[in-house]
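Below: the structure, in structure tokens.
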Amino acid sequence: MLLEQLRERIPDYARDLRLNLAAVLTPQGATGLSDSQLWMTALAASIAARAA
């Protein structure tokens, strides 16, 4: 599933999450990070969210 498809599935009450995904996990939002660094950021965030 592409990131854009995932963002479209996020409901309106989680609008902040939708915006943050674009700000953090896209090359335009996270300038200077490589693709692998972006995916590692996503992985680390998902692990941290599950542990909380």
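Chain lettering (A, B, ...) mirrors the order of the structure tokens, residue numbering begins at 1 for each chain separately, and ligand numbering begins at 1 in order of display.
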As a short mmCIF file (atom, residue, chain, number, x, y, z; two decimals) with N, CA and C atoms, in the first residue's frame, please: every residue in chain A that a backbone DSSP assignment puts in helix (DSSP H, G or I).
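Output file selection_37.cif is given in full below:
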```cif
data_model
loop_
_atom_site.label_atom_id
_atom_site.label_comp_id
_atom_site.auth_asym_id
_atom_site.auth_seq_id
_atom_site.Cartn_x
_atom_site.Cartn_y
_atom_site.Cartn_z
N LEU A 3 1.93 5.17 0.52
CA LEU A 3 1.72 6.11 1.62
C LEU A 3 0.48 6.96 1.37
N GLU A 4 0.28 7.40 0.14
CA GLU A 4 -0.89 8.23 -0.19
C GLU A 4 -2.18 7.46 0.02
N GLN A 5 -2.21 6.19 -0.32
CA GLN A 5 -3.39 5.37 -0.10
C GLN A 5 -3.66 5.21 1.39
N LEU A 6 -2.63 5.06 2.16
CA LEU A 6 -2.78 4.96 3.61
C LEU A 6 -3.34 6.26 4.17
N ARG A 7 -2.83 7.38 3.72
CA ARG A 7 -3.32 8.68 4.19
C ARG A 7 -4.79 8.88 3.87
N GLU A 8 -5.23 8.41 2.71
CA GLU A 8 -6.63 8.56 2.32
C GLU A 8 -7.57 7.75 3.20
N ARG A 9 -7.08 6.69 3.79
CA ARG A 9 -7.90 5.83 4.63
C ARG A 9 -8.03 6.35 6.06
N ASP A 12 -11.47 11.58 9.12
CA ASP A 12 -11.37 13.02 9.31
C ASP A 12 -11.01 13.41 10.74
N TYR A 13 -11.44 12.62 11.72
CA TYR A 13 -11.13 12.99 13.10
C TYR A 13 -9.64 12.84 13.42
N ALA A 14 -8.88 12.20 12.54
CA ALA A 14 -7.44 12.05 12.73
C ALA A 14 -6.68 12.90 11.71
N ARG A 15 -7.21 14.06 11.42
CA ARG A 15 -6.61 14.96 10.42
C ARG A 15 -5.16 15.30 10.74
N ASP A 16 -4.85 15.50 11.98
CA ASP A 16 -3.47 15.82 12.38
C ASP A 16 -2.50 14.71 11.98
N LEU A 17 -2.93 13.49 12.15
CA LEU A 17 -2.10 12.35 11.76
C LEU A 17 -1.84 12.35 10.26
N ARG A 18 -2.88 12.64 9.49
CA ARG A 18 -2.74 12.72 8.03
C ARG A 18 -1.71 13.77 7.65
N LEU A 19 -1.79 14.92 8.26
CA LEU A 19 -0.85 16.01 7.96
C LEU A 19 0.57 15.67 8.39
N ASN A 20 0.71 15.05 9.54
CA ASN A 20 2.03 14.68 10.04
C ASN A 20 2.70 13.63 9.17
N LEU A 21 1.92 12.71 8.63
CA LEU A 21 2.50 11.72 7.73
C LEU A 21 3.15 12.39 6.54
N ALA A 22 2.49 13.38 6.00
CA ALA A 22 3.05 14.09 4.85
C ALA A 22 4.28 14.90 5.26
N ALA A 23 4.24 15.45 6.46
CA ALA A 23 5.35 16.30 6.91
C ALA A 23 6.59 15.50 7.26
N VAL A 24 6.41 14.27 7.71
CA VAL A 24 7.54 13.50 8.20
C VAL A 24 8.01 12.43 7.22
N ASP A 35 15.61 7.83 1.17
CA ASP A 35 14.43 6.97 1.25
C ASP A 35 14.55 5.96 2.38
N SER A 36 15.72 5.38 2.55
CA SER A 36 15.88 4.40 3.63
C SER A 36 15.76 5.05 5.00
N GLN A 37 16.22 6.28 5.14
CA GLN A 37 16.08 6.98 6.41
C GLN A 37 14.61 7.30 6.70
N LEU A 38 13.84 7.63 5.66
CA LEU A 38 12.41 7.89 5.84
C LEU A 38 11.70 6.63 6.32
N TRP A 39 12.02 5.48 5.71
CA TRP A 39 11.37 4.24 6.10
C TRP A 39 11.81 3.80 7.50
N MET A 40 13.05 4.05 7.87
CA MET A 40 13.49 3.73 9.23
C MET A 40 12.78 4.62 10.25
N THR A 41 12.51 5.85 9.88
CA THR A 41 11.74 6.75 10.75
C THR A 41 10.34 6.20 10.97
N ALA A 42 9.71 5.73 9.90
CA ALA A 42 8.37 5.14 10.00
C ALA A 42 8.41 3.89 10.87
N LEU A 43 9.40 3.06 10.68
CA LEU A 43 9.53 1.83 11.46
C LEU A 43 9.73 2.14 12.94
N ALA A 44 10.61 3.07 13.24
CA ALA A 44 10.87 3.43 14.64
C ALA A 44 9.62 4.01 15.30
N ALA A 45 8.88 4.83 14.58
CA ALA A 45 7.66 5.42 15.13
C ALA A 45 6.61 4.35 15.40
N SER A 46 6.49 3.39 14.50
CA SER A 46 5.49 2.34 14.71
C SER A 46 5.87 1.44 15.88
N ILE A 47 7.14 1.16 16.04
CA ILE A 47 7.59 0.35 17.19
C ILE A 47 7.34 1.11 18.49
N ALA A 48 7.66 2.39 18.50
CA ALA A 48 7.47 3.20 19.70
C ALA A 48 5.98 3.32 20.05
N ALA A 49 5.13 3.45 19.04
CA ALA A 49 3.70 3.57 19.30
C ALA A 49 3.13 2.28 19.87
N ARG A 50 3.65 1.16 19.41
CA ARG A 50 3.15 -0.11 19.89
C ARG A 50 3.62 -0.37 21.33
N ALA A 51 4.78 0.12 21.68
CA ALA A 51 5.33 -0.11 23.02
C ALA A 51 4.67 0.78 24.06
#
```
